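Engineer: This structure is in structure tokens; I'll ask about it shortly.
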Amino acid sequence: MEFGPAVVAALAAYIAVLAFLGLRARAARASESLADFYLAGRGLGGMVLLFTLYATQYSGNTLVGYPGEAYRVGFPWVMSVGFMLAIVVVYLVIAPRLRAASERHRFVTPADWLDHRFGHPGLTRVTNLVMAAAIANYLLAQLMAMGHVVAGLSDGAIPYAAGVLVLTAAILGYELLGGLRAVAWTDCLQGILLAIGLFGLLAATVFSGESVGAATAWVLDNQPAKGFRPDATTQATWASTLLLIGFSGAVYPQAIQRIFAARSGASLRKALSVLAFLPFLTTLPVFLVGILALPRLSGLSGVAADQVLPALLRGWASESEWMFWMCIVTVVGVVAAIMSTADSVLLTLSSMLAKDFVAPVLRRRHGGVVEEARITRIGKGFSLAIMGVLVAIALTPRISLWGLLELKMELLVQAAPVFVLGLTWPRLSARAALAGVIAGTLLAAGLTLAGYGKIGGVHAGLLGAMLNAGVAVAGSLASRRRD
Amino acid sequence: MKLRRDPLSHPWLFVGIAALYAFSIPWWFGEGRPAIVLGLPSWAVISLACTFAVSCLVSFAARRLWDDGQD
């Protein structure tokens, strides 16, 4: 059997299992309430929670973008292990207090906590807008990754556009049927496939006879800038990336919703204690794949570097029958990783639009009461509309996946000071926090659009977040003094 | 539900994590060709070791320094 048709058959079987899980999740629903659809009835236990956090956090960017980045940057990309862990470090700061508050006040979206903590509609709306814009960008990155990956890995048997359209339809299918319950259950399958896929990658590496030591020696001899100690600017970027990804990754609205959806504090604690080690089982092998590609492939840059993983897999698959099937499993694992992130982002985005933006308008019109089932239906409509718009954009890719990820983080990190300071510093005032978010977002977006994505190696988003936090703290102290 | 213990009430934890992260960036490493250890440049191996220590601290804190009275 040829590689391309085998990939098509494996993906078809995988999509059939996803559809089955979607139907089972629909049968398991208790009501049409927002908590049942968007938080799986607040019943996610330790294992499901771990898999859904894992599958949501590790995405198409991790598996397709990161080998390309390791290929471009070289050994300094070992920072990717640290920055994925930094997200869990920031969880340690915000999750205990957020979880305790959500048990008392039954939050559904991050905006519910913002309303509870600050009671300032302007701050809630602006922070929500920043987060929604960031994760819409993130979702777009996942859709593009789906297209690139199936086109590259199926040897062109599935064209880019067909990959985007078919997998988008699959996600919409099970998500509209079963909400977060379907997403979390499929995340379990996707997490397992991702783990098997990574095992497959490692096995393929070992059985292909390629040695990391030999690749390292080749890099030191032929491309020393990628193997010697990184220069001062790269070190600054390393530190900046740790902070940028740590703070922005922890305030992904979909991650915050999983804190609300946990069955208990104990299940959340257990999930996070295991999640802390998963960068070593996920990001590290992916980094090594990029390093192995350095002596094997040459001349790739920009968008083409995102094809590093597909190129390696195709090469390994031709070496033996065992390697062929291991590579097929890896392909499905990669597609699963992308879909599991896309479905979570889509669900969260539709819940934010329906509950935080449309529901308040409906309540004003209808004298304060709107059925939750109606808001859930509106959310499903948003899911369809969002995917329609983003698919249209995804069919004209222009920039590499890592570029997209950075633009998303630049925005998302502007929500971090509101959550981190709001949970840890009682004196933070709503007006100062709002001024901080606006100042930080304008600085980050302005610098990025003006072509200054990094200054001295430090990301524009982090500079914006520092201004954001500074304005929030100074404003809160000043208003306190005035009072 | 009330938090009985919170990782934030243990500043040493975050000082330790910050110090390990600071050493995971190889600013302290000399210039020139690094030795290859476990198949990787030596500075990358030390960086990974520091990061693994952070993983252990985070996992410990999630299990032992966070108590909301639920088992």
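Lettering and numbering for the structure tokens are positional, with chains as A, B, ... in the shown order, residues counted from 1 in each chain, and ligands counted from 1 in the shown order.
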Please list as a list of chain:residue names every residue within 12 Å of Gly69 (chain B), counting only C-alpha atoms and excluding residues in the same chain fewer than 5 positions away.
Structural biologist: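 Near Gly69 (chain B), the qualifying residues are A:Pro96, A:Ala100, A:Ser264, A:Gly265, A:Ala266, A:Arg269, B:Met1, B:Lys2, B:Leu3, B:Arg4, B:Arg5, B:Asp6, B:Arg64.
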Engineer: From chain B, collect each residue whose DSSP state is strand (DSSP E or B) and return the set as a ChimeraX atom specification.
Structural biologist: /B:5,36-37,40-41,67
Engineer: Export N, CA and C atoms of the chosen residues as a short mmCIF file (atom, residue, chain, number, x, y, z; two decimals), in the first residue's frame?
Structural biologist:
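Here's the written file out.cif:
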data_model
loop_
_atom_site.label_atom_id
_atom_site.label_comp_id
_atom_site.auth_asym_id
_atom_site.auth_seq_id
_atom_site.Cartn_x
_atom_site.Cartn_y
_atom_site.Cartn_z
N ARG B 5 -4.44 25.72 51.99
CA ARG B 5 -3.05 26.00 51.63
C ARG B 5 -2.99 26.35 50.17
N ILE B 36 29.93 17.24 23.63
CA ILE B 36 28.67 16.54 23.39
C ILE B 36 28.43 15.57 24.57
N VAL B 37 27.31 15.78 25.28
CA VAL B 37 26.96 14.94 26.43
C VAL B 37 25.58 14.36 26.16
N LEU B 40 23.89 15.58 23.08
CA LEU B 40 23.52 17.00 22.91
C LEU B 40 24.67 17.90 23.36
N PRO B 41 24.68 19.19 22.93
CA PRO B 41 25.68 20.10 23.48
C PRO B 41 25.51 20.18 25.00
N ASP B 67 -4.10 22.91 49.16
CA ASP B 67 -5.08 22.11 49.90
C ASP B 67 -6.40 22.89 49.96
#
Engineer: Which residue, A:Arg374, A:Lys355, A:Arg229, A:His148, has the smallest gap to chain B when you use only C-alpha atoms?
Structural biologist: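 Checking each of A:Arg374, A:Lys355, A:Arg229, A:His148 against chain B, counting only C-alpha atoms, the winner is A:Arg229.
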Engineer: To one decimal place in Å, what is the distance between CA of Gly440 (chain A) and CA of Ile455 (chain A)?
Structural biologist: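 Interatomic distance, CA of Gly440 (chain A) to CA of Ile455 (chain A): 15.2 Å.
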Engineer: From the list A:Phe75, A:Phe324, A:Tyr138, A:Tyr38, which residue is nearest chain B when using only C-alpha atoms?
Structural biologist: A:Phe75
